[in-house]
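K.L.:
What follows is a single structure, and I will ask about it in a moment.
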Protein chains: 4
Amino acid sequence: MSKLAILTSGGDSPGMNMAVWAATHAAQARGWEVLGIRQGFSGLLRGESLPLSSSKALPYARLGGTFLGTAREPEFAHKIPAALHRLQQAEVSHLLVLGGNGSLAGAARIAEAGFKVVGIPCTIDNDVDGSDESIGFDTALNTALWLFDGLRDTAEALPRWFSLETLGGDTGFLAQAVARAGGADVLLVPERPLPLEVLEQNMREALGRQGFAFLVASEGYPELMGTLERLEQALGLRLRHTRIGHAQRGGRPSGHDRLLARALAEHAVEALAHHHSGMIGLQQGQYRRVAFEQIGPRKPFPKDLL
Amino acid sequence: MSKLAILTSGGDSPGMNMAVWAATHAAQARGWEVLGIRQGFSGLLRGESLPLSSSKALPYARLGGTFLGTAREPEFAHKIPAALHRLQQAEVSHLLVLGGNGSLAGAARIAEAGFKVVGIPCTIDNDVDGSDESIGFDTALNTALWLFDGLRDTAEALPRWFSLETLGGDTGFLAQAVARAGGADVLLVPERPLPLEVLEQNMREALGRQGFAFLVASEGYPELMGTLERLEQALGLRLRHTRIGHAQRGGRPSGHDRLLARALAEHAVEALAHHHSGMIGLQQGQYRRVAFEQIGPRKPFPKDLL
Amino acid sequence: MSKLAILTSGGDSPGMNMAVWAATHAAQARGWEVLGIRQGFSGLLRGESLPLSSSKALPYARLGGTFLGTAREPEFAHKIPAALHRLQQAEVSHLLVLGGNGSLAGAARIAEAGFKVVGIPCTIDNDVDGSDESIGFDTALNTALWLFDGLRDTAEALPRWFSLETLGGDTGFLAQAVARAGGADVLLVPERPLPLEVLEQNMREALGRQGFAFLVASEGYPELMGTLERLEQALGLRLRHTRIGHAQRGGRPSGHDRLLARALAEHAVEALAHHHSGMIGLQQGQYRRVAFEQIGPRKPFPKDLL
Amino acid sequence: MSKLAILTSGGDSPGMNMAVWAATHAAQARGWEVLGIRQGFSGLLRGESLPLSSSKALPYARLGGTFLGTAREPEFAHKIPAALHRLQQAEVSHLLVLGGNGSLAGAARIAEAGFKVVGIPCTIDNDVDGSDESIGFDTALNTALWLFDGLRDTAEALPRWFSLETLGGDTGFLAQAVARAGGADVLLVPERPLPLEVLEQNMREALGRQGFAFLVASEGYPELMGTLERLEQALGLRLRHTRIGHAQRGGRPSGHDRLLARALAEHAVEALAHHHSGMIGLQQGQYRRVAFEQIGPRKPFPKDLL
């Protein structure tokens, strides 16, 4: 009798609940039992779990966050034996881990110990190596654009100068997508710090062309607030700053994220059914099984995005 | 032949476009000509206008901002004769002014000079004396709640501590409504600075009760960022800060704001048809004509809101 | 020791969850116990309940529907003794009923039997007598407008002719608000059936003026679909029909509905604390206690809304 | 001197405005002039156009519909010489056509006549052969899901049985995505009519499992309303029907559609700069130039979607 355990780990991202439902749905279709583990790896180490069914998980599938709860467990790599013990205790045969780079590294440690575990990339930062997309990125993009559009509404009525700070950790994938989809004039990403003169010039050009200017910055840009203050002094004008903050983690998952979550979850269950360990990644429109060893610590930021 | 001129002034608020359409629609039904003035009082002084019709204004009615454009003209009170001259030049018989306290004060100056002018309260701050509601407030509340809900999504998945900064100028009406509708644990409004110990205690109680805490603050709270930093030190934890900023001015007007805008605009046109000057205000569910002299510089913040 | 029981009954409306949380929050602040009854009066008769706390109810406050579940129990009036027995069994001292006309009538039966019960008007139809507003109406208006705006987007790109069918039972309050806030050209409400010639003429005028036309109809309009077909034949063009259906019942409650729900719930708990029975209604901006006997079977549809 | 003409044709789809802005922006960066043609091929035949600039197009980029207007011109294939004459009159060197299958066929006719023209797939139906995605599909999916989620809110509060009718013409791509992302129990697409017995059985299984059931149907399903009525009779229950209708064409374009629109538009301008004619399609994550001859009349509906 197969029993699948599912956990969500690290920072939550919208679509995690959809993936949990889809994996549960697919596992039950194979006649498997399904166990939901609370608070990620921390809950696994404490043995906190609940039995899952498709109809129990469905009401959460359209909601942000994760109803299983999540946590950060930096020391997990040193506690693999305890985790394995808990899994055996609960008679779990397969493990599904939903999370970002740190969580997938934890899953890799479990796989190294010989347990069948598959990971799915879930992070609004979209910085997981081996997958073009991560669950939550599209929703976080839409959340930021919704605010960007609101800023444009007022900018077109009364010209001002705006900066929009997105999440993204120390990567620029999210800020870059927001800037490109929103038609921003200036982009600040950690991967490419700009000299103040260049920043100032880009802003002046935008101001000259259209009377206002939009700057989009990733939270991870070095000394972001100081940079913006120096820019304000150089330009002699006040930037109206919007910081989305953690609100960008929430919200109902977009259709794109739900389809991605469902497909990744279904491929994950199938991979586990074939006794495969590793990550399911989306590569050029195809869902592929990626060995944990092949996954770098972080997806490189492509030059052509700049 | 009657000719109505309409201008939007000061900070834009969602629903202004709806009010412009509704006033145009009502004026045309009376056989009046309608003129739209660009960039508020500044455009009036420059004589910048365009002929309006109901079908020309309708496509904007569902959009935020103001398609007429707006501006801040602090010196306007000293330029009334020039404004009157422009109005006579354009053969304008009635003037409709959409804006907040400053703009309505400007309208009062024009009325004092004997010109028929009616004002409508438009500001997301909802601080116009003589009206329980202002156009844009409801939409700005929904915008903030949308972010608040996103913060709750992630807080329930991974407990953290959050502060949400709203607009509102140096008043607390907007922050108070956001905090109450969102179920915040702590509220910071300029009308009631709190000792740090009280702040800290309220946060600790919330943390003890539910594992996370939500603080809502108005941008006008004295030394807001410094206060939050001292609170973080006192609590020994990091507050995740979201600043909506000017995105709160934008967005499609809510149904409530559209109904309010339409009703105020229709009463304004009727008041003008009866050679009345003043503001149309909503008082206890009734639309009333309020003499400019009766309008205080700012609506007092009711104690029972605290 | 006081114990408050809360139930949601009849058709659900967005904001019910907020009212349940707010009432629980207010009751706990008074040191009361709180009991949630499942599936409305049906669950009461079956004695299905769960203990409630503010922190248990809070996660639902921002969601549509009702986490307590609801049901229709047309025979309830004949089962009052059984209901009272269940309430005494559970040592309930006060009852709060959230629902529309039918549910409030049920609450009145319980009050007649001498039990302390307060009702709050919850229905997107906004047809509860004795209250200017009902919880859910504002959200349902915004839901319809969101679709209306989508129709305008495409109508302005490629002129067509549209009909939008709203909920509202056999009343026109909701359709009227949608038509007015959306700037519809024709309104069909059950309270005022129109001759086909009048309909046709109004549509032709709109088509002549702007190239497209919008008709908003309440689901309760007599022979709605047949009327629209006859109108299509008379006009010689096809109306693109959108039926919102029960999607209009759902969605996150708007800020306005959340503030209304919180205020009504807090006044309800205070009324119960003063051993009052009846409904809490909003009348001209004031929250008032309304005796059940004073509540008519349905709020009359005001002529001035036509 | 190069001059680019841009037109939007056929049914509008959200993201068209973004593509117009992005193409204008890219063309101006090359020093080209840009001309916007009104009402698609009809406007081209009438010679209706306006000069475009990046800053003039930008305010529309975040809005649904198409500010250039569109039209259906079924006879266009017989009027190519007149179209070419208009293009030469206006000294247009390159043409960009945004639309679906019919519009791209029109573009192919112009290319056959030797004029440099590139097409971009824009349709919420996502049925353009040679491209995995079309502009507007993602937004239309999100619009439907927003209603689907509203239906679930009320279904979970008070179990009922629901049918949701999407657009999609006589294809099932859109309905299939909605059903899969929303977790529907039954899917009706024109590509696979089902015997009533199968429909009834699938619904009964869902009802037995979870107490309610969701059916998603494409508008093009043969005899849809009759089928639903027969299903209601067979099940002995009433299906609550929601028809999104043309509201699904509107709404602000999603982030995904904006990124897709911008990338397709930039590749289109580059293709034109290299004197290339054809369509830009997205194939397995890559943007490719597709010869008009290689584009089938409609993208085949993949079996694995069922």
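Chain identifiers are assigned as A, B, and so on, following the order in which chains appear in the structure tokens; residues are numbered from 1 within each chain, and ligands are numbered from 1 in order of appearance.
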Extract, using only C-alpha atoms, all DNA, RNA and protein residues at most 10 Å from Ala90 in chain D, discarding same-chain residues fewer than 4 positions from it, and format them as a PyMOL selection string.
P.N.:
chain D and resi 3+5+35+47+49+84-86
K.L.:
List every residue of chain A that has an atom at most 9 Å from any atom of chain B, giving for each one its closest atom pair and the distance in Å to one decimal, counting only C-alpha atoms, sorted by chain and then by ascending residue number, as a tab-separated table.
P.N.:
```
residue	atom	partner	partner_atom	distance
A:Gly10	CA	B:Leu158	CA	8.5
A:Gly11	CA	B:Leu158	CA	7.3
A:Asp12	CA	B:Thr154	CA	6.5
A:Ser13	CA	B:Thr154	CA	8.1
A:Pro14	CA	B:Asp153	CA	8.9
A:Gln39	CA	B:Leu158	CA	8.1
A:Leu63	CA	B:Asp153	CA	8.0
A:Gly64	CA	B:Asp153	CA	5.7
A:Gly65	CA	B:Asp153	CA	5.0
A:Thr66	CA	B:Ala157	CA	5.4
A:Phe67	CA	B:Ala157	CA	6.6
A:Leu68	CA	B:Ala157	CA	7.5
A:Gly69	CA	B:Ala157	CA	4.5
A:Thr70	CA	B:Leu158	CA	5.6
A:Ala71	CA	B:Leu158	CA	6.1
A:Arg72	CA	B:Leu158	CA	8.7
A:Thr143	CA	B:Leu147	CA	8.9
A:Trp146	CA	B:Gly251	CA	8.1
A:Leu147	CA	B:Ala247	CA	5.4
A:Phe148	CA	B:Ala247	CA	6.9
A:Asp149	CA	B:Gly251	CA	7.2
A:Gly150	CA	B:Gly250	CA	4.0
A:Leu151	CA	B:Ala247	CA	4.5
A:Arg152	CA	B:Gly250	CA	7.6
A:Asp153	CA	B:Gly65	CA	5.0
A:Thr154	CA	B:Gly65	CA	5.1
A:Ala155	CA	B:Gly65	CA	8.2
A:Glu156	CA	B:Gly65	CA	7.2
A:Ala157	CA	B:Gly69	CA	4.5
A:Leu158	CA	B:Thr70	CA	5.6
A:Pro159	CA	B:Ala71	CA	8.6
A:Phe162	CA	B:His246	CA	8.5
A:Arg240	CA	B:Gly245	CA	6.8
A:His241	CA	B:Gly245	CA	6.1
A:Thr242	CA	B:Gly245	CA	4.8
A:Arg243	CA	B:Arg243	CA	4.9
A:Ile244	CA	B:Thr242	CA	5.4
A:Gly245	CA	B:Thr242	CA	4.8
A:His246	CA	B:Leu151	CA	5.9
A:Ala247	CA	B:Leu151	CA	4.5
A:Gln248	CA	B:Gly150	CA	6.9
A:Arg249	CA	B:Thr154	CA	6.3
A:Gly250	CA	B:Gly150	CA	4.0
A:Gly251	CA	B:Gly150	CA	4.9
A:Arg252	CA	B:Gly150	CA	8.4
```
K.L.:
Would you list the contacts of Gly281 in chain B as a ChimeraX atom specification, taking every protein, DNA or RNA residue within 10 Å and counting only C-alpha atoms, but skipping same-chain residues closer than 2 positions in sequence?
P.N.:
/B:119-121,128-134,264,267-268,278-279,283-290
K.L.:
Write to file, as a JSON list (two decimals), in the first residue's frame, the residues of the selection just made, with N, CA and C atoms.
P.N.:
```json
[["chain", "number", "residue", "atom", "x", "y", "z"],
["B", 119, "GLY", "N", -19.49, 72.74, -5.63],
["B", 119, "GLY", "CA", -18.39, 71.81, -5.41],
["B", 119, "GLY", "C", -18.87, 70.44, -4.98],
["B", 120, "ILE", "N", -18.07, 69.44, -5.29],
["B", 120, "ILE", "CA", -18.35, 68.05, -4.88],
["B", 120, "ILE", "C", -17.11, 67.52, -4.18],
["B", 121, "PRO", "N", -17.27, 66.90, -2.99],
["B", 121, "PRO", "CA", -16.11, 66.42, -2.24],
["B", 121, "PRO", "C", -15.49, 65.18, -2.90],
["B", 128, "VAL", "N", -13.31, 65.99, 4.13],
["B", 128, "VAL", "CA", -14.04, 67.21, 3.78],
["B", 128, "VAL", "C", -15.18, 67.42, 4.78],
["B", 129, "ASP", "N", -15.17, 68.55, 5.43],
["B", 129, "ASP", "CA", -16.22, 68.88, 6.39],
["B", 129, "ASP", "C", -17.56, 69.05, 5.67],
["B", 130, "GLY", "N", -18.63, 68.62, 6.32],
["B", 130, "GLY", "CA", -19.96, 68.82, 5.73],
["B", 130, "GLY", "C", -20.44, 67.66, 4.88],
["B", 131, "SER", "N", -19.61, 66.62, 4.73],
["B", 131, "SER", "CA", -20.06, 65.44, 4.00],
["B", 131, "SER", "C", -19.53, 64.18, 4.68],
["B", 132, "ASP", "N", -20.43, 63.24, 4.95],
["B", 132, "ASP", "CA", -20.00, 62.00, 5.61],
["B", 132, "ASP", "C", -19.04, 61.22, 4.72],
["B", 133, "GLU", "N", -19.18, 61.37, 3.40],
["B", 133, "GLU", "CA", -18.34, 60.62, 2.49],
["B", 133, "GLU", "C", -17.80, 61.51, 1.38],
["B", 134, "SER", "N", -16.63, 61.12, 0.87],
["B", 134, "SER", "CA", -16.05, 61.79, -0.29],
["B", 134, "SER", "C", -15.80, 60.75, -1.38],
["B", 264, "LEU", "N", -24.06, 62.75, -6.38],
["B", 264, "LEU", "CA", -23.55, 64.09, -6.07],
["B", 264, "LEU", "C", -23.55, 64.97, -7.32],
["B", 267, "HIS", "N", -27.15, 66.00, -8.18],
["B", 267, "HIS", "CA", -27.62, 67.05, -7.27],
["B", 267, "HIS", "C", -26.90, 68.37, -7.54],
["B", 268, "ALA", "N", -25.65, 68.29, -7.93],
["B", 268, "ALA", "CA", -24.89, 69.51, -8.23],
["B", 268, "ALA", "C", -25.48, 70.25, -9.42],
["B", 278, "GLY", "N", -22.44, 76.44, -3.63],
["B", 278, "GLY", "CA", -22.12, 75.72, -2.41],
["B", 278, "GLY", "C", -21.64, 74.32, -2.72],
["B", 279, "MET", "N", -21.59, 73.49, -1.69],
["B", 279, "MET", "CA", -21.15, 72.12, -1.87],
["B", 279, "MET", "C", -22.34, 71.19, -1.72],
["B", 283, "GLN", "N", -25.15, 63.72, 4.09],
["B", 283, "GLN", "CA", -25.30, 63.81, 5.54],
["B", 283, "GLN", "C", -26.37, 62.84, 6.00],
["B", 284, "GLN", "N", -25.96, 61.83, 6.75],
["B", 284, "GLN", "CA", -26.89, 60.83, 7.27],
["B", 284, "GLN", "C", -27.82, 60.31, 6.17],
["B", 285, "GLY", "N", -27.22, 59.92, 5.05],
["B", 285, "GLY", "CA", -27.98, 59.28, 3.99],
["B", 285, "GLY", "C", -28.75, 60.24, 3.10],
["B", 286, "GLN", "N", -28.66, 61.54, 3.39],
["B", 286, "GLN", "CA", -29.36, 62.53, 2.56],
["B", 286, "GLN", "C", -28.35, 63.41, 1.84],
["B", 287, "TYR", "N", -28.65, 63.75, 0.58],
["B", 287, "TYR", "CA", -27.80, 64.68, -0.16],
["B", 287, "TYR", "C", -28.28, 66.09, 0.12],
["B", 288, "ARG", "N", -27.40, 66.94, 0.66],
["B", 288, "ARG", "CA", -27.80, 68.29, 1.07],
["B", 288, "ARG", "C", -26.91, 69.34, 0.41],
["B", 289, "ARG", "N", -27.47, 70.54, 0.26],
["B", 289, "ARG", "CA", -26.69, 71.68, -0.20],
["B", 289, "ARG", "C", -26.08, 72.35, 1.02],
["B", 290, "VAL", "N", -24.78, 72.52, 1.01],
["B", 290, "VAL", "CA", -24.06, 73.10, 2.14],
["B", 290, "VAL", "C", -23.42, 74.41, 1.68]]
```
K.L.:
I need the residues of range 117-182 of chain C that end up classed as strand (DSSP E) by DSSP on the backbone, written out as an NGL selection string.
P.N.:
:C and (117-121 or 161-166)
K.L.:
Give me the residues near Glu223 in chain A as a PyMOL selection string, where near means some atom within 12 Å (using only C-alpha atoms) and where sequence neighbours in that chain fewer than 6 positions away do not count.
P.N.:
chain A and resi 170+188-190+193-194+217+229-230
K.L.:
Go ahead and save the picked residues with N, CA, C and O atoms, as a PDB file, in the first residue's frame.
P.N.:
```pdb
ATOM      1  N   ASP A 170      17.289  38.356  -3.241  1.00  0.00           N
ATOM      2  CA  ASP A 170      18.453  39.030  -3.849  1.00  0.00           C
ATOM      3  C   ASP A 170      18.562  38.702  -5.335  1.00  0.00           C
ATOM      4  O   ASP A 170      19.652  38.679  -5.908  1.00  0.00           O
ATOM      5  N   LEU A 188      15.974  48.483 -11.433  1.00  0.00           N
ATOM      6  CA  LEU A 188      17.087  48.241 -10.513  1.00  0.00           C
ATOM      7  C   LEU A 188      17.043  46.798 -10.026  1.00  0.00           C
ATOM      8  O   LEU A 188      16.119  46.413  -9.311  1.00  0.00           O
ATOM      9  N   VAL A 189      18.019  45.997 -10.458  1.00  0.00           N
ATOM     10  CA  VAL A 189      18.107  44.605 -10.007  1.00  0.00           C
ATOM     11  C   VAL A 189      19.478  44.363  -9.384  1.00  0.00           C
ATOM     12  O   VAL A 189      20.469  44.967  -9.807  1.00  0.00           O
ATOM     13  N   PRO A 190      19.522  43.466  -8.380  1.00  0.00           N
ATOM     14  CA  PRO A 190      20.796  43.200  -7.690  1.00  0.00           C
ATOM     15  C   PRO A 190      21.888  42.718  -8.640  1.00  0.00           C
ATOM     16  O   PRO A 190      23.068  42.970  -8.397  1.00  0.00           O
ATOM     17  N   PRO A 193      24.027  46.441 -10.486  1.00  0.00           N
ATOM     18  CA  PRO A 193      24.010  47.777  -9.884  1.00  0.00           C
ATOM     19  C   PRO A 193      24.423  48.819 -10.917  1.00  0.00           C
ATOM     20  O   PRO A 193      25.315  48.579 -11.726  1.00  0.00           O
ATOM     21  N   LEU A 194      23.732  49.965 -10.909  1.00  0.00           N
ATOM     22  CA  LEU A 194      24.005  51.014 -11.893  1.00  0.00           C
ATOM     23  C   LEU A 194      24.644  52.222 -11.220  1.00  0.00           C
ATOM     24  O   LEU A 194      24.309  52.556 -10.082  1.00  0.00           O
ATOM     25  N   ALA A 217      12.209  48.555  -8.709  1.00  0.00           N
ATOM     26  CA  ALA A 217      13.407  48.062  -8.033  1.00  0.00           C
ATOM     27  C   ALA A 217      13.102  46.775  -7.282  1.00  0.00           C
ATOM     28  O   ALA A 217      12.017  46.612  -6.714  1.00  0.00           O
ATOM     29  N   GLU A 229      17.312  57.912  -2.424  1.00  0.00           N
ATOM     30  CA  GLU A 229      17.466  59.253  -1.848  1.00  0.00           C
ATOM     31  C   GLU A 229      18.491  60.072  -2.636  1.00  0.00           C
ATOM     32  O   GLU A 229      18.264  61.238  -2.950  1.00  0.00           O
ATOM     33  N   ARG A 230      19.613  59.439  -2.981  1.00  0.00           N
ATOM     34  CA  ARG A 230      20.619  60.164  -3.767  1.00  0.00           C
ATOM     35  C   ARG A 230      20.071  60.544  -5.140  1.00  0.00           C
ATOM     36  O   ARG A 230      20.330  61.626  -5.652  1.00  0.00           O
TER      37      ARG A 230
END
```
K.L.:
Please list as a list in words every residue within 7 Å of Val186 in chain B, counting only C-alpha atoms and excluding residues in the same chain fewer than 6 positions away.
P.N.:
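Close residues of Val186 in chain B: Asn202, Met203, Phe214, Leu215 and Val216 of chain B.
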K.L.:
Quick one: of C:His78, C:Arg258, C:Ala181, C:Ala108, who's nearest to Ala22 in chain B, counting only C-alpha atoms?
P.N.:
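Ranking C:His78, C:Arg258, C:Ala181, C:Ala108 by distance to Ala22 in chain B, first place goes to C:Ala181.
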K.L.:
Neighbouring residues of Lys116 in chain C were defined as those with any atom within 7 Å, considering only C-alpha atoms; residues of the same chain fewer than 5 positions away were excluded. Please report them as a count of residues only.
P.N.:
7
K.L.:
Please return, as number ranges by chain, all residues of range 55-259 of chain B that DSSP assigns to alpha helix (DSSP H) on the basis of the backbone.
P.N.:
B: 55-57, 80-89, 101-112, 137-157, 173-182, 196-210, 224-235, 255-259
